Amino acid sequence: MLYQEALKQKLDQQKAVQIALGNQRREVISQALVGQILRKNPVTEKEAKAFYDKQSAAGGAEYKTQHILTKDEKSAKQAIERLNGGEDFAKVAKSVSTDSNAGQGGEIGWVNPGRMPPAFGDALKKTPVGQYTKTPVQTKYGWHVIKVEASRPITMPAFDQVKGRLMQLLAEEKVSEYISKLQKQADIKITK
């Protein structure tokens with residue numbers, strides 16, 4: 001009844017409604033293509049197991065971490081000077097850091113270096129437990145001073161527990177590869 005009344009009031013002819021309908025149409029058609037891509041090239045359990053085995057073999061550790069984030073290198077170096085002078089890391093983080101976790105003394109919790117920006121992850125692996133980086137670490141977010149509070153080996157859940165998620169992740173990768181291929185073939189012109 002609502003649909004019929006909306007048509008009667010010619011709401012389907014409003015510009016905003018036309019735009020929304022166009023967006024929905026594009027989404028439905030795009031999802032049909034995604035379905036076709038995955039039907040023609042499905043993710044197999046064998047692929048998921050190979051990915052799982054590769055991740056398991058990488059092993060590694062995760063680190064309980066605090067950090068101070070600043071907008072520039074000079075501020076990060078000043079924070080390091082304060083730490084070298086004996087100030088508490090959490091106190092310096094609360095007063096200097098621009099990150100949302102500054103109020104918690106820069107606590108990030110347990111992090112996997114592979115899921116962090118490369119420079120940050122590398123610094124985690126090189127910094128001994130109980131120490132902080134002696135030089136600032138630059139990422140796209142700014143300049144970091146990183147403290148490693150503890151480390152522990154990464155433990156992988158059983159394959160059966162993560163198989164569904166891994167298959168979904170690999171399916172998303174296949175779609176992303178297809179999109180990249182389309183982008184390389186496309187003749188894109190940006191007009192102002």
# chains A, B, ... in the order shown; residues from 1 in each chain; ligands from 1

$ residues_around --residues "stretch 87-101 of chain A" --least-positions-apart "2" --cutoff "9 Å" --atoms "only C-alpha atoms" --output "PDB file with N, CA and C atoms, in the first residue's frame"
ATOM      1  N   GLN A  66      52.454   0.240  24.114  1.00  0.00           N
ATOM      2  CA  GLN A  66      52.016   1.615  24.362  1.00  0.00           C
ATOM      3  C   GLN A  66      52.676   2.458  23.279  1.00  0.00           C
ATOM      4  N   HIS A  67      52.052   3.576  22.946  1.00  0.00           N
ATOM      5  CA  HIS A  67      52.746   4.469  22.014  1.00  0.00           C
ATOM      6  C   HIS A  67      52.325   5.909  22.246  1.00  0.00           C
ATOM      7  N   ILE A  68      53.193   6.770  21.772  1.00  0.00           N
ATOM      8  CA  ILE A  68      52.948   8.211  21.771  1.00  0.00           C
ATOM      9  C   ILE A  68      52.934   8.612  20.302  1.00  0.00           C
ATOM     10  N   LEU A  69      51.881   9.282  19.884  1.00  0.00           N
ATOM     11  CA  LEU A  69      51.773   9.739  18.498  1.00  0.00           C
ATOM     12  C   LEU A  69      51.839  11.254  18.477  1.00  0.00           C
ATOM     13  N   THR A  70      52.734  11.783  17.629  1.00  0.00           N
ATOM     14  CA  THR A  70      52.845  13.238  17.476  1.00  0.00           C
ATOM     15  C   THR A  70      52.745  13.587  16.000  1.00  0.00           C
ATOM     16  N   LYS A  71      52.461  14.851  15.735  1.00  0.00           N
ATOM     17  CA  LYS A  71      52.314  15.299  14.346  1.00  0.00           C
ATOM     18  C   LYS A  71      53.656  15.522  13.655  1.00  0.00           C
ATOM     19  N   SER A  75      58.446  16.932  18.032  1.00  0.00           N
ATOM     20  CA  SER A  75      57.653  16.620  19.222  1.00  0.00           C
ATOM     21  C   SER A  75      57.946  15.209  19.718  1.00  0.00           C
ATOM     22  N   ALA A  76      58.118  14.274  18.788  1.00  0.00           N
ATOM     23  CA  ALA A  76      58.433  12.895  19.172  1.00  0.00           C
ATOM     24  C   ALA A  76      59.804  12.834  19.838  1.00  0.00           C
ATOM     25  N   ALA A  79      59.534  14.052  23.330  1.00  0.00           N
ATOM     26  CA  ALA A  79      58.947  13.017  24.187  1.00  0.00           C
ATOM     27  C   ALA A  79      60.010  12.000  24.601  1.00  0.00           C
ATOM     28  N   ARG A  82      62.157  13.386  27.315  1.00  0.00           N
ATOM     29  CA  ARG A  82      61.478  13.309  28.614  1.00  0.00           C
ATOM     30  C   ARG A  82      61.562  11.891  29.177  1.00  0.00           C
ATOM     31  N   LEU A  83      61.385  10.900  28.323  1.00  0.00           N
ATOM     32  CA  LEU A  83      61.480   9.503  28.761  1.00  0.00           C
ATOM     33  C   LEU A  83      62.906   9.178  29.196  1.00  0.00           C
ATOM     34  N   ASN A  84      63.883   9.655  28.429  1.00  0.00           N
ATOM     35  CA  ASN A  84      65.286   9.442  28.804  1.00  0.00           C
ATOM     36  C   ASN A  84      65.606  10.090  30.148  1.00  0.00           C
ATOM     37  N   GLY A  85      64.882  11.156  30.454  1.00  0.00           N
ATOM     38  CA  GLY A  85      65.064  11.848  31.737  1.00  0.00           C
ATOM     39  C   GLY A  85      64.374  11.144  32.900  1.00  0.00           C
ATOM     40  N   GLY A 103      44.667   9.220  26.706  1.00  0.00           N
ATOM     41  CA  GLY A 103      44.105   9.242  28.055  1.00  0.00           C
ATOM     42  C   GLY A 103      44.361   7.963  28.831  1.00  0.00           C
ATOM     43  N   GLN A 104      44.633   6.868  28.109  1.00  0.00           N
ATOM     44  CA  GLN A 104      44.959   5.596  28.749  1.00  0.00           C
ATOM     45  C   GLN A 104      46.471   5.383  28.779  1.00  0.00           C
ATOM     46  N   GLY A 105      47.223   6.442  28.694  1.00  0.00           N
ATOM     47  CA  GLY A 105      48.676   6.339  28.743  1.00  0.00           C
ATOM     48  C   GLY A 105      49.285   5.756  27.486  1.00  0.00           C
ATOM     49  N   GLY A 106      48.541   5.842  26.393  1.00  0.00           N
ATOM     50  CA  GLY A 106      49.050   5.334  25.116  1.00  0.00           C
ATOM     51  C   GLY A 106      48.881   3.842  24.937  1.00  0.00           C
ATOM     52  N   GLU A 107      48.147   3.189  25.831  1.00  0.00           N
ATOM     53  CA  GLU A 107      47.935   1.737  25.752  1.00  0.00           C
ATOM     54  C   GLU A 107      47.243   1.354  24.453  1.00  0.00           C
ATOM     55  N   ILE A 108      47.834   0.435  23.722  1.00  0.00           N
ATOM     56  CA  ILE A 108      47.211  -0.110  22.513  1.00  0.00           C
ATOM     57  C   ILE A 108      46.711  -1.523  22.799  1.00  0.00           C
ATOM     58  N   TYR A 132      61.601   1.327  24.998  1.00  0.00           N
ATOM     59  CA  TYR A 132      60.881   2.139  24.015  1.00  0.00           C
ATOM     60  C   TYR A 132      61.836   2.494  22.900  1.00  0.00           C
ATOM     61  N   HIS A 144      55.810   8.247  15.882  1.00  0.00           N
ATOM     62  CA  HIS A 144      55.514   7.414  17.046  1.00  0.00           C
ATOM     63  C   HIS A 144      56.744   7.213  17.915  1.00  0.00           C
ATOM     64  N   LYS A 147      56.590   1.749  22.965  1.00  0.00           N
ATOM     65  CA  LYS A 147      57.110   0.960  24.081  1.00  0.00           C
ATOM     66  C   LYS A 147      56.540  -0.448  24.002  1.00  0.00           C
TER      67      LYS A 147
END

$ select_by_dssp --residues "stretch 11-173 of chain A" --states "strand (DSSP E)" --output "PyMOL selection string"
chain A and resi 61-70+107-111+137-139+142-153

$ atom_distance --atom1 "atom CA of A:Glu45" --atom2 "atom CA of A:Lys163"
7.7 Å

$ closest_residue --among "A:Lys174, A:Gln183, A:Leu11, A:Lys189" --to "A:Thr44" --atoms "only C-alpha atoms"
A:Lys174

$ atom_distance --atom1 "atom CA of A:Ala171" --atom2 "atom CA of A:Pro42"
7.4 Å

$ closest_residue --among "A:Pro128, A:Gly86, A:Gly22, A:Pro117" --to "A:Trp143" --atoms "only C-alpha atoms"
A:Pro117

$ closest_residue --among "A:Ile37, A:Ala119, A:Ala16, A:Val28" --to "A:Tyr178" --atoms "only C-alpha atoms"
A:Ile37

$ closest_residue --among "A:Ala158, A:Val43, A:Val148, A:Lys15" --to "A:Ser56" --atoms "only C-alpha atoms"
A:Ala158

$ select_by_dssp --residues "stretch 43-110 of chain A" --states "helix (DSSP H, G or I)" --output "ChimeraX atom specification"
/A:45-58,73-84,89-96,102-104

$ decode --residues "stretch 126-144 of chain A" --atoms "C-alpha atoms" --output "mmCIF file, in the first residue's frame"
data_model
loop_
_atom_site.group_PDB
_atom_site.id
_atom_site.type_symbol
_atom_site.label_atom_id
_atom_site.label_comp_id
_atom_site.auth_asym_id
_atom_site.auth_seq_id
_atom_site.Cartn_x
_atom_site.Cartn_y
_atom_site.Cartn_z
ATOM 1 C CA LYS A 126 63.375 -4.707 17.152
ATOM 2 C CA THR A 127 62.500 -3.119 20.504
ATOM 3 C CA PRO A 128 63.300 -5.246 23.576
ATOM 4 C CA VAL A 129 60.547 -5.899 26.111
ATOM 5 C CA GLY A 130 60.385 -3.089 28.674
ATOM 6 C CA GLN A 131 62.089 -0.609 26.327
ATOM 7 C CA TYR A 132 60.881 2.139 24.015
ATOM 8 C CA THR A 133 62.136 3.245 20.625
ATOM 9 C CA LYS A 134 65.095 5.600 20.984
ATOM 10 C CA THR A 135 64.312 7.339 17.694
ATOM 11 C CA PRO A 136 60.867 8.341 16.389
ATOM 12 C CA VAL A 137 59.107 5.983 13.974
ATOM 13 C CA GLN A 138 57.285 7.618 11.058
ATOM 14 C CA THR A 139 54.063 6.239 9.551
ATOM 15 C CA LYS A 140 51.315 7.886 7.540
ATOM 16 C CA TYR A 141 49.633 8.725 10.863
ATOM 17 C CA GLY A 142 52.538 10.758 12.203
ATOM 18 C CA TRP A 143 55.574 10.152 14.406
ATOM 19 C CA HIS A 144 55.514 7.414 17.046
#
